[in-house]
file my_file-v1.cif (mmCIF, C-alpha atoms)
data_start
#
loop_
_atom_site.label_atom_id
_atom_site.label_comp_id
_atom_site.auth_asym_id
_atom_site.auth_seq_id
_atom_site.Cartn_x
_atom_site.Cartn_y
_atom_site.Cartn_z
CA MET A 7 7.15 26.16 10.24
CA ARG A 8 4.46 27.72 8.06
CA MET A 9 1.99 25.63 6.09
CA ALA A 10 3.95 26.14 2.87
CA GLU A 11 6.98 24.48 4.39
CA LEU A 12 4.86 21.70 5.90
CA SER A 13 3.56 21.07 2.38
CA ARG A 14 7.03 21.13 0.87
CA ARG A 15 8.48 18.76 3.44
CA THR A 16 5.69 16.19 3.22
CA GLY A 17 4.77 16.53 -0.45
CA VAL A 18 1.13 17.04 0.54
CA PRO A 19 -0.43 19.99 -1.37
CA VAL A 20 -1.63 22.95 0.72
CA PRO A 21 -5.33 22.51 -0.22
CA THR A 22 -5.11 18.88 0.92
CA ILE A 23 -3.55 19.94 4.22
CA LYS A 24 -6.38 22.45 4.70
CA TYR A 25 -8.88 19.69 3.96
CA TYR A 26 -7.30 17.41 6.58
CA LEU A 27 -7.38 20.29 9.08
CA ARG A 28 -11.08 20.95 8.38
CA GLU A 29 -11.87 17.25 8.70
CA GLY A 30 -10.03 17.06 12.01
CA LEU A 31 -7.52 14.47 10.79
CA LEU A 32 -4.62 16.85 11.35
CA GLN A 33 -4.33 18.71 14.64
CA PRO A 34 -4.42 22.55 14.30
CA GLY A 35 -1.13 24.43 14.35
CA GLU A 36 -0.29 27.03 16.94
CA ARG A 37 -2.02 30.23 15.92
CA THR A 38 0.33 33.26 15.61
CA SER A 39 -2.22 35.64 14.06
CA PRO A 40 -5.86 35.30 12.94
CA ASN A 41 -4.69 34.02 9.56
CA GLN A 42 -1.49 32.23 10.40
CA ALA A 43 -0.40 29.23 12.36
CA ILE A 44 2.87 27.39 12.81
CA TYR A 45 3.39 23.69 12.60
CA ASP A 46 6.02 21.35 13.99
CA GLU A 47 7.44 17.84 13.60
CA THR A 48 4.29 16.25 15.05
CA HIS A 49 2.34 17.63 12.09
CA ILE A 50 4.83 16.16 9.65
CA ARG A 51 4.57 12.78 11.31
CA ARG A 52 0.79 12.89 11.33
CA LEU A 53 0.59 13.93 7.68
CA ARG A 54 2.83 11.03 6.69
CA MET A 55 0.64 8.66 8.66
CA ILE A 56 -2.48 9.99 6.91
CA ARG A 57 -0.79 9.49 3.53
CA ALA A 58 0.28 5.97 4.41
CA LEU A 59 -3.23 5.02 5.49
CA ALA A 60 -5.09 6.77 2.67
CA GLU A 61 -2.80 6.43 -0.32
CA VAL A 62 -0.92 3.21 0.33
CA GLY A 63 -3.41 1.45 2.59
CA GLY A 64 -6.28 2.66 0.41
CA LEU A 65 -8.52 3.57 3.36
CA PRO A 66 -11.33 6.08 2.77
CA ILE A 67 -10.97 9.32 4.76
CA ALA A 68 -13.70 8.34 7.23
CA LYS A 69 -11.77 5.18 8.12
CA VAL A 70 -8.51 7.08 8.37
CA ARG A 71 -10.25 9.25 10.97
CA ASP A 72 -11.44 6.20 12.94
CA VAL A 73 -7.94 4.78 12.98
CA LEU A 74 -6.36 8.09 14.04
CA ASP A 75 -8.98 8.51 16.76
CA ALA A 76 -7.91 5.12 18.09
CA VAL A 77 -4.26 6.14 17.93
CA ASP A 78 -5.02 9.31 19.90
CA SER A 79 -7.09 7.55 22.54
CA PRO A 80 -5.55 6.29 25.75
CA GLU A 81 -6.52 2.70 25.00
CA ILE A 82 -4.10 -0.14 25.49
CA PRO A 83 -2.53 -1.69 22.36
CA PHE A 84 -4.73 -4.74 22.66
CA GLU A 85 -7.85 -2.61 22.34
CA ILE A 86 -6.28 -0.44 19.67
CA LEU A 87 -5.78 -3.56 17.58
CA GLY A 88 -9.49 -4.25 17.85
CA THR A 89 -10.39 -0.71 16.85
CA VAL A 90 -7.96 -0.74 13.95
CA GLN A 91 -9.29 -4.09 12.79
CA HIS A 92 -12.84 -2.74 12.97
CA SER A 93 -11.82 0.37 11.05
CA ILE A 94 -9.83 -1.16 8.25
CA GLU A 95 -11.83 -4.25 7.54
CA PRO A 96 -13.21 -4.11 4.00
CA PRO A 97 -16.97 -4.45 3.80
CA SER A 98 -17.74 -8.09 3.15
CA GLY A 99 -20.77 -8.82 1.06
CA GLY A 100 -22.46 -12.15 0.82
CA THR A 101 -23.60 -12.63 4.42
CA GLY A 102 -26.85 -13.81 2.84
CA SER A 103 -25.13 -16.69 1.08
CA GLU A 104 -26.79 -20.08 1.41
CA TYR A 105 -23.34 -21.41 2.31
CA TRP A 106 -22.79 -18.92 5.15
CA GLU A 107 -23.34 -21.42 7.95
CA THR A 108 -21.20 -24.06 6.25
CA ALA A 109 -18.42 -21.53 5.77
CA ARG A 110 -18.76 -20.31 9.35
CA GLU A 111 -18.36 -23.84 10.69
CA ARG A 112 -15.38 -24.36 8.41
CA VAL A 113 -13.68 -21.24 9.79
CA ALA A 114 -14.62 -22.04 13.41
CA LYS A 115 -13.07 -25.49 13.01
CA LEU A 116 -9.84 -23.98 11.69
CA VAL A 117 -9.58 -21.55 14.62
CA LEU A 118 -10.28 -24.39 17.06
CA ASP A 119 -7.82 -26.79 15.40
CA ARG A 120 -5.06 -24.22 15.59
CA GLY A 121 -5.90 -23.26 19.15
CA TRP A 122 -6.22 -19.60 18.21
CA ARG A 123 -7.72 -17.31 20.81
CA SER A 124 -9.43 -15.34 18.08
CA ASN A 125 -12.94 -14.05 17.95
CA ILE A 126 -15.11 -15.73 15.37
CA GLU A 127 -17.52 -12.76 15.58
CA SER A 128 -14.86 -10.15 14.80
CA PRO A 129 -14.56 -8.31 11.46
CA PRO A 130 -11.67 -10.36 10.07
CA ALA A 131 -13.61 -13.56 10.82
CA THR A 132 -16.58 -12.18 8.89
CA THR A 133 -14.34 -11.34 5.93
CA LEU A 134 -12.92 -14.84 6.02
CA ILE A 135 -16.32 -16.51 6.23
CA ALA A 136 -17.58 -14.44 3.27
CA ALA A 137 -14.58 -15.48 1.16
CA VAL A 138 -14.97 -19.15 2.08
CA ALA A 139 -18.73 -19.01 1.37
CA SER A 140 -17.79 -17.67 -2.07
CA LEU A 141 -15.57 -20.66 -2.74
CA TYR A 142 -18.46 -23.01 -1.89
CA GLU A 143 -20.82 -21.01 -4.09
CA LEU A 144 -18.40 -21.27 -6.98
CA GLY A 145 -18.32 -25.04 -6.54
CA ARG A 146 -14.65 -24.82 -5.56
CA GLU A 147 -14.77 -26.54 -2.20
CA ASP A 148 -11.39 -28.01 -3.23
CA LEU A 149 -9.84 -24.55 -2.90
CA THR A 150 -10.93 -24.24 0.77
CA ALA A 151 -7.91 -26.45 1.52
CA MET A 152 -5.93 -23.22 1.26
CA LEU A 153 -7.15 -22.40 4.79
CA GLU A 154 -5.02 -25.13 6.32
CA ARG A 155 -2.09 -24.22 4.08
CA TYR A 156 -2.25 -20.48 4.74
CA ALA A 157 -2.93 -20.63 8.48
CA PRO A 158 0.54 -21.69 9.70
CA ALA A 159 2.15 -18.96 7.58
CA ALA A 160 -0.33 -16.38 8.88
CA GLU A 161 0.41 -17.50 12.43
CA LYS A 162 4.16 -17.19 12.02
CA ILE A 163 3.85 -13.77 10.43
CA ALA A 164 1.44 -12.53 13.09
CA GLU A 165 3.83 -13.59 15.85
CA TYR A 166 6.63 -11.75 14.12
CA ASP A 167 4.43 -8.67 13.64
CA VAL A 168 3.44 -8.51 17.28
CA ASN A 169 7.05 -8.95 18.41
CA ALA A 170 8.23 -6.29 15.98
CA VAL A 171 5.79 -3.66 17.22
CA THR A 172 5.99 -4.37 20.95
CA ARG A 173 9.78 -4.54 21.06
CA GLY A 174 11.27 -1.89 23.32
CA ARG A 175 9.91 1.37 21.99
CA GLY A 176 7.39 3.50 23.83
CA LEU A 177 3.62 3.25 23.75
CA GLU A 178 3.19 5.78 20.96
CA ASP A 179 5.56 3.85 18.69
CA THR A 180 3.81 0.61 19.55
CA ILE A 181 0.43 2.00 18.63
CA GLU A 182 1.81 3.50 15.44
CA GLY A 183 3.43 0.16 14.70
CA VAL A 184 0.13 -1.67 15.11
CA VAL A 185 -1.56 0.72 12.71
CA ILE A 186 1.25 0.65 10.15
CA GLY A 187 1.80 -3.07 10.49
CA THR A 188 -1.86 -3.90 10.06
CA VAL A 189 -2.55 -1.62 7.10
CA LEU A 190 0.78 -1.61 5.25
CA GLY A 191 1.54 -5.20 6.26
CA ASP A 192 -1.53 -6.35 4.34
CA ALA A 193 -0.44 -4.42 1.26
CA ILE A 194 3.09 -5.73 1.58
CA PHE A 195 2.21 -9.37 2.03
CA GLY A 196 -0.38 -9.31 -0.76
CA ALA A 197 2.09 -7.73 -3.17
CA LEU A 198 4.83 -10.21 -2.19
CA ARG A 199 2.44 -13.09 -2.78
CA ARG A 200 1.56 -11.79 -6.23
CA LEU A 201 5.23 -11.27 -7.08
CA ALA A 202 5.91 -14.81 -5.89
CA HIS A 203 3.06 -16.03 -8.12
CA GLN A 204 4.98 -14.71 -11.12
CA HIS A 205 8.00 -16.70 -10.06
CA ALA A 206 6.05 -19.86 -9.20
CA THR A 207 4.10 -19.71 -12.47
CA ALA A 208 7.25 -19.23 -14.54
CA HIS A 209 8.71 -22.19 -12.68
CA ALA A 210 5.67 -24.49 -13.01
CA LEU A 211 5.12 -23.74 -16.68
CA GLY A 212 8.78 -23.99 -17.51
CA VAL A 213 8.94 -20.50 -18.93
CA PRO A 214 12.53 -19.98 -20.04
CA ASP A 215 14.67 -17.58 -18.06
CA GLU A 216 15.16 -15.41 -21.13
CA TYR A 217 11.42 -14.79 -21.20
CA LYS A 218 11.04 -11.52 -19.40
CA VAL A 219 8.56 -12.43 -16.68
CA LEU A 220 5.29 -10.64 -17.27
CA GLY A 221 7.27 -7.98 -19.07
CA ARG A 222 4.88 -5.24 -20.01
CA GLU A 223 7.18 -2.27 -20.24
CA GLY A 224 5.63 -1.45 -23.59
CA GLU A 225 2.23 -0.62 -22.09
CA MET B 1180 -34.47 -21.21 -16.95
CA ARG B 1181 -36.07 -17.75 -16.91
CA MET B 1182 -34.39 -14.75 -15.34
CA ALA B 1183 -36.56 -15.03 -12.21
CA GLU B 1184 -35.19 -18.49 -11.52
CA LEU B 1185 -31.65 -17.39 -12.31
CA SER B 1186 -32.12 -14.69 -9.70
CA ARG B 1187 -33.57 -17.11 -7.16
CA ARG B 1188 -30.81 -19.65 -7.61
CA THR B 1189 -27.95 -17.17 -7.35
CA GLY B 1190 -29.43 -14.69 -4.89
CA VAL B 1191 -28.66 -11.86 -7.31
CA PRO B 1192 -31.67 -9.49 -7.70
CA VAL B 1193 -33.23 -9.22 -11.18
CA PRO B 1194 -32.33 -5.51 -11.63
CA THR B 1195 -28.70 -6.38 -10.82
CA ILE B 1196 -28.73 -9.20 -13.37
CA LYS B 1197 -30.12 -6.77 -15.96
CA TYR B 1198 -27.36 -4.33 -15.09
CA TYR B 1199 -24.68 -7.01 -15.58
CA LEU B 1200 -26.27 -7.93 -18.94
CA ARG B 1201 -26.27 -4.28 -20.07
CA GLU B 1202 -22.66 -3.89 -18.97
CA GLY B 1203 -21.65 -7.01 -20.84
CA LEU B 1204 -20.38 -8.82 -17.75
CA LEU B 1205 -22.96 -11.57 -18.15
CA GLN B 1206 -23.42 -13.22 -21.56
CA PRO B 1207 -26.94 -12.83 -23.02
CA GLY B 1208 -29.38 -15.72 -22.65
CA GLU B 1209 -30.92 -17.51 -25.60
CA ARG B 1210 -33.76 -15.37 -26.87
CA THR B 1211 -37.12 -17.19 -27.09
CA SER B 1212 -39.25 -14.14 -27.88
CA PRO B 1213 -38.51 -10.41 -28.22
CA ASN B 1214 -38.94 -9.99 -24.48
CA GLN B 1215 -37.79 -13.29 -23.11
CA ALA B 1216 -34.61 -15.27 -22.92
CA ILE B 1217 -33.57 -18.45 -21.20
CA TYR B 1218 -30.46 -18.98 -19.16
CA ASP B 1219 -28.46 -22.05 -18.23
CA GLU B 1220 -25.82 -23.29 -15.78
CA THR B 1221 -23.10 -21.22 -17.46
CA HIS B 1222 -25.01 -18.08 -16.44
CA ILE B 1223 -25.23 -19.26 -12.86
CA ARG B 1224 -21.51 -19.92 -12.77
CA ARG B 1225 -20.70 -16.55 -14.30
CA LEU B 1226 -23.00 -14.70 -11.89
CA ARG B 1227 -21.32 -16.37 -8.92
CA MET B 1228 -17.93 -15.39 -10.29
CA ILE B 1229 -19.07 -11.76 -10.67
CA ARG B 1230 -20.31 -11.78 -7.08
CA ALA B 1231 -17.08 -13.27 -5.79
CA LEU B 1232 -14.99 -10.65 -7.57
CA ALA B 1233 -17.21 -7.66 -6.79
CA GLU B 1234 -18.61 -8.40 -3.36
CA VAL B 1235 -15.93 -10.49 -1.72
CA GLY B 1236 -12.91 -9.35 -3.69
CA GLY B 1237 -14.14 -5.75 -3.56
CA LEU B 1238 -13.29 -5.03 -7.22
CA PRO B 1239 -15.09 -2.16 -8.94
CA ILE B 1240 -17.29 -3.23 -11.87
CA ALA B 1241 -14.82 -1.95 -14.47
CA LYS B 1242 -12.12 -4.19 -13.02
CA VAL B 1243 -14.49 -7.16 -12.85
CA ARG B 1244 -15.01 -6.64 -16.58
CA ASP B 1245 -11.26 -6.61 -17.24
CA VAL B 1246 -10.80 -9.83 -15.31
CA LEU B 1247 -13.70 -11.57 -17.05
CA ASP B 1248 -12.41 -10.42 -20.44
CA ALA B 1249 -9.12 -12.11 -19.57
CA VAL B 1250 -10.96 -15.28 -18.51
CA ASP B 1251 -12.84 -15.32 -21.82
CA SER B 1252 -9.76 -14.73 -23.92
CA PRO B 1253 -7.76 -17.57 -25.37
CA GLU B 1254 -4.63 -16.54 -23.52
CA ILE B 1255 -2.47 -19.05 -21.71
CA PRO B 1256 -2.70 -19.13 -17.88
CA PHE B 1257 0.66 -17.44 -17.56
CA GLU B 1258 -0.60 -14.42 -19.47
CA ILE B 1259 -3.95 -14.53 -17.72
CA LEU B 1260 -2.10 -14.16 -14.43
CA GLY B 1261 -0.49 -11.00 -15.74
CA THR B 1262 -3.80 -9.58 -16.90
CA VAL B 1263 -5.48 -10.46 -13.62
CA GLN B 1264 -2.64 -8.89 -11.67
CA HIS B 1265 -2.93 -5.75 -13.78
CA SER B 1266 -6.67 -5.65 -13.23
CA ILE B 1267 -6.85 -6.24 -9.52
CA GLU B 1268 -3.89 -4.27 -8.34
CA PRO B 1269 -5.04 -1.46 -6.08
CA PRO B 1270 -3.92 1.98 -7.22
CA SER B 1271 -0.75 2.78 -5.32
CA GLY B 1272 -0.18 6.39 -4.48
CA GLY B 1273 3.08 7.88 -3.45
CA THR B 1274 5.15 7.25 -6.58
CA GLY B 1275 6.38 10.78 -6.04
CA SER B 1276 7.86 9.93 -2.65
CA GLU B 1277 11.40 11.12 -2.03
CA TYR B 1278 12.11 7.58 -0.82
CA TRP B 1279 10.88 5.93 -4.03
CA GLU B 1280 14.32 5.07 -5.36
CA THR B 1281 15.51 3.80 -1.98
CA ALA B 1282 12.41 1.63 -1.68
CA ARG B 1283 12.79 0.40 -5.24
CA GLU B 1284 16.35 -0.71 -4.57
CA ARG B 1285 15.22 -2.39 -1.36
CA VAL B 1286 12.58 -4.40 -3.24
CA ALA B 1287 14.92 -5.20 -6.15
CA LYS B 1288 17.46 -6.56 -3.68
CA LEU B 1289 14.83 -8.78 -2.07
CA VAL B 1290 13.74 -10.20 -5.43
CA LEU B 1291 17.37 -10.80 -6.37
CA ASP B 1292 18.29 -12.36 -3.01
CA ARG B 1293 15.41 -14.81 -3.26
CA GLY B 1294 16.12 -15.62 -6.89
CA TRP B 1295 12.57 -14.76 -7.91
CA ARG B 1296 11.90 -14.49 -11.60
CA SER B 1297 9.49 -11.66 -10.94
CA ASN B 1298 9.13 -8.40 -12.77
CA ILE B 1299 10.17 -5.38 -10.77
CA GLU B 1300 8.18 -3.19 -13.19
CA SER B 1301 4.90 -5.09 -12.70
CA PRO B 1302 1.89 -3.77 -10.74
CA PRO B 1303 2.50 -5.83 -7.58
CA ALA B 1304 6.10 -4.58 -7.49
CA THR B 1305 4.84 -1.00 -7.70
CA THR B 1306 2.43 -1.63 -4.84
CA LEU B 1307 5.24 -3.10 -2.79
CA ILE B 1308 7.61 -0.22 -3.51
CA ALA B 1309 4.93 2.31 -2.53
CA ALA B 1310 4.33 0.54 0.78
CA VAL B 1311 8.05 0.32 1.55
CA ALA B 1312 8.54 4.00 0.62
CA SER B 1313 5.79 4.75 3.15
CA LEU B 1314 7.69 2.94 5.88
CA TYR B 1315 10.78 5.05 5.13
CA GLU B 1316 8.70 8.22 5.10
CA LEU B 1317 7.26 7.34 8.48
CA GLY B 1318 10.77 6.91 9.85
CA ARG B 1319 10.10 3.21 10.38
CA GLU B 1320 12.96 1.74 8.40
CA ASP B 1321 13.07 -0.88 11.18
CA LEU B 1322 9.76 -2.27 9.94
CA THR B 1323 11.13 -2.93 6.44
CA ALA B 1324 12.69 -6.06 7.99
CA MET B 1325 9.24 -7.57 7.48
CA LEU B 1326 10.14 -8.02 3.81
CA GLU B 1327 12.67 -10.73 4.61
CA ARG B 1328 10.29 -12.30 7.13
CA TYR B 1329 7.25 -12.28 4.87
CA ALA B 1330 8.98 -13.36 1.65
CA PRO B 1331 9.57 -17.07 2.48
CA ALA B 1332 5.93 -17.41 3.58
CA ALA B 1333 4.72 -15.66 0.43
CA GLU B 1334 6.91 -17.96 -1.65
CA LYS B 1335 5.59 -21.12 -0.03
CA ILE B 1336 2.00 -19.98 -0.39
CA ALA B 1337 2.49 -18.97 -4.02
CA GLU B 1338 3.94 -22.40 -4.85
CA TYR B 1339 0.96 -24.04 -3.22
CA ASP B 1340 -1.45 -21.72 -5.07
CA VAL B 1341 0.05 -22.46 -8.45
CA ASN B 1342 0.01 -26.22 -7.78
CA ALA B 1343 -3.57 -26.06 -6.55
CA VAL B 1344 -4.87 -24.34 -9.67
CA THR B 1345 -2.85 -26.21 -12.28
CA ARG B 1346 -3.55 -29.65 -10.84
CA GLY B 1347 -5.38 -31.92 -13.27
CA ARG B 1348 -8.49 -29.94 -14.19
CA GLY B 1349 -9.09 -28.42 -17.59
CA LEU B 1350 -8.03 -25.03 -18.86
CA GLU B 1351 -11.26 -23.28 -17.90
CA ASP B 1352 -10.96 -24.46 -14.31
CA THR B 1353 -7.32 -23.42 -14.23
CA ILE B 1354 -8.13 -19.93 -15.41
CA GLU B 1355 -11.01 -19.67 -12.96
CA GLY B 1356 -8.67 -20.93 -10.25
CA VAL B 1357 -6.11 -18.24 -11.04
CA VAL B 1358 -8.77 -15.55 -10.81
CA ILE B 1359 -10.35 -16.91 -7.65
CA GLY B 1360 -7.03 -17.72 -6.05
CA THR B 1361 -5.60 -14.30 -6.72
CA VAL B 1362 -8.60 -12.25 -5.63
CA LEU B 1363 -10.10 -14.41 -2.86
CA GLY B 1364 -6.70 -15.69 -1.77
CA ASP B 1365 -5.68 -12.15 -0.88
CA ALA B 1366 -8.84 -11.64 1.17
CA ILE B 1367 -8.39 -15.02 2.86
CA PHE B 1368 -4.75 -14.57 3.78
CA GLY B 1369 -5.27 -11.01 5.02
CA ALA B 1370 -8.18 -12.07 7.21
CA LEU B 1371 -6.24 -15.06 8.58
CA ARG B 1372 -3.33 -12.80 9.43
CA ARG B 1373 -5.60 -10.39 11.31
CA LEU B 1374 -7.26 -13.26 13.18
CA ALA B 1375 -3.80 -14.57 14.07
CA HIS B 1376 -2.90 -11.08 15.30
CA GLN B 1377 -5.67 -11.38 17.87
CA HIS B 1378 -4.21 -14.64 19.08
CA ALA B 1379 -0.60 -13.42 19.05
CA THR B 1380 -1.53 -10.21 20.87
CA ALA B 1381 -3.49 -12.05 23.53
CA HIS B 1382 -0.48 -14.32 23.93
CA ALA B 1383 2.17 -11.57 24.04
CA LEU B 1384 0.25 -9.41 26.49
CA GLY B 1385 -0.73 -12.31 28.69
CA VAL B 1386 -4.43 -11.64 28.34
CA PRO B 1387 -6.20 -14.30 30.41
CA ASP B 1388 -8.11 -16.98 28.55
CA GLU B 1389 -11.36 -15.90 30.19
CA TYR B 1390 -11.02 -12.53 28.51
CA LYS B 1391 -13.09 -12.95 25.39
CA VAL B 1392 -10.65 -11.95 22.67
CA LEU B 1393 -11.70 -8.67 21.13
CA GLY B 1394 -15.24 -9.56 22.16
CA ARG B 1395 -17.48 -6.90 20.74
CA GLU B 1396 -20.76 -8.72 20.49
CA GLY B 1397 -22.44 -5.79 22.23
CA GLU B 1398 -21.76 -3.42 19.35
#

call {"tool": "encode", "arguments": {"input": "my_file-v1.cif", "output": "structure tokens"}}
result
Amino acid sequence: MRMAELSRRTGVPVPTIKYYLREGLLQPGERTSPNQAIYDETHIRRLRMIRALAEVGGLPIAKVRDVLDAVDSPEIPFEILGTVQHSIEPPSGGTGSEYWETARERVAKLVLDRGWRSNIESPPATTLIAAVASLYELGREDLTAMLERYAPAAEKIAEYDVNAVTRGRGLEDTIEGVVIGTVLGDAIFGALRRLAHQHATAHALGVPDEYKVLGREGE
Amino acid sequence: MRMAELSRRTGVPVPTIKYYLREGLLQPGERTSPNQAIYDETHIRRLRMIRALAEVGGLPIAKVRDVLDAVDSPEIPFEILGTVQHSIEPPSGGTGSEYWETARERVAKLVLDRGWRSNIESPPATTLIAAVASLYELGREDLTAMLERYAPAAEKIAEYDVNAVTRGRGLEDTIEGVVIGTVLGDAIFGALRRLAHQHATAHALGVPDEYKVLGREGE
């Protein structure tokens, strides 16, 4: 198909497609003349992946490229996961916190207690330590108890995730599943948790059923 | 205390404190001369909250202001939660997806099935619908099964969250807890899930214990 059809079928505007081509995120089409190229289903799939990562996952273009490079590499899924984790991890400030060491020990203890074979030096561990250090800084050590309450749920979900992406399909699907599951899974769980907060708050505060929960249609 | 001490005690540089004062995020100190003001513990607490939201939660300054405005307002916690959710929700692209309606029905069904009194028009619902629409677009309808797997965990965690922040302490602490719990809780759960992915992947792929999980100290 021509670029116009690629644009129509994916909903990505032509200038954006050209931008992705220039940036090397989208593989070039097959050239049919100096000014024309044709594209196929692999381009549609790739464009949808870029959209998912950039628009829904909220990754900056440079990180989308890192993730796609990992997808294209011949690494095994285990290493892909590491690369994806490195790529998507949000920058965590606060490594200079006076509570950093305390928070680090707190997180290390959790990992040890749960018997997780997880790397305390990896990007997600750093994000976690920064968040826990923040709780200490805010004088809310009481809230660090959420670690023990969240961990079993995280464990169960992670097991399910890994099963879901390694089940049966080929390597390409597995890798794609790791990328999608990691990026979109975060967005999905976070949104579910916030939706559940609405329900739990309505419940705890005894808000009557007739009260339209957080109704803000008027805005 | 003077601004220099405020800076020392919080680790926030003086120019940054001045910026927060100019932007109205930090309340002014008590003026003792035209060029000097003194600050107290409330300023320390507020600065730490700003840091937590901006550096750990990753919120842009404009959103930090929205959240702090909500904290300062005399609204009830239930409404604060709505404001905070509105403020922190990441922008979700893809509302124009051809799968939007399908995804919306999928999410509405989930909320109904679980009996959640949650608002399908609220920002977290929109985020969720966008993510689910992405899964359909990517041809990974199979992965939407994660909704049913994640929802009970999200529900349990949300109940715990709401109990943790409404337990005993005064209104100010409750409001602060809602803000911290919503913003940092997301960061904490996401990081725990990614750490648990390392463990689950090592387990599923039979990576030997000696293999340092995702060891990347050399980088």

call {"tool": "interface_residues", "arguments": {"input": "my_file-v1.cif", "of": "chain A", "to": "chain B", "cutoff": "7 Å", "atoms": "all atoms listed in the file", "output": "VMD selection string"}}
result
chain A and resid 51 54 to 55 58 61 to 62 84 88 98 to 100 122 to 125 130 to 131 133 to 134 136 to 137 140 143 to 144 156 to 157 159 to 161 163 to 165 168 190 192 to 207 219 to 221

call {"tool": "resolve_selection", "arguments": {"input": "my_file-v1.cif", "expression": "the PyMOL selection byres ((chain A and resi 22) around 12)", "output": "list in words"}}
result
Met9, Ala10, Leu12, Ser13, Thr16, Gly17, Val18, Pro19, Val20, Pro21, Ile23, Lys24, Tyr25, Tyr26, Leu27, Arg28, Glu29, Leu31, Leu32, Leu53, Ile56, Arg57 and Ile67 of chain A

call {"tool": "atom_distance", "arguments": {"input": "my_file-v1.cif", "atom1": "atom CA of A:Arg71", "atom2": "atom CA of A:Gly30"}}
result
7.9 Å

call {"tool": "atom_distance", "arguments": {"input": "my_file-v1.cif", "atom1": "atom CA of A:Glu36", "atom2": "atom CA of A:Pro66"}}
result
27.6 Å
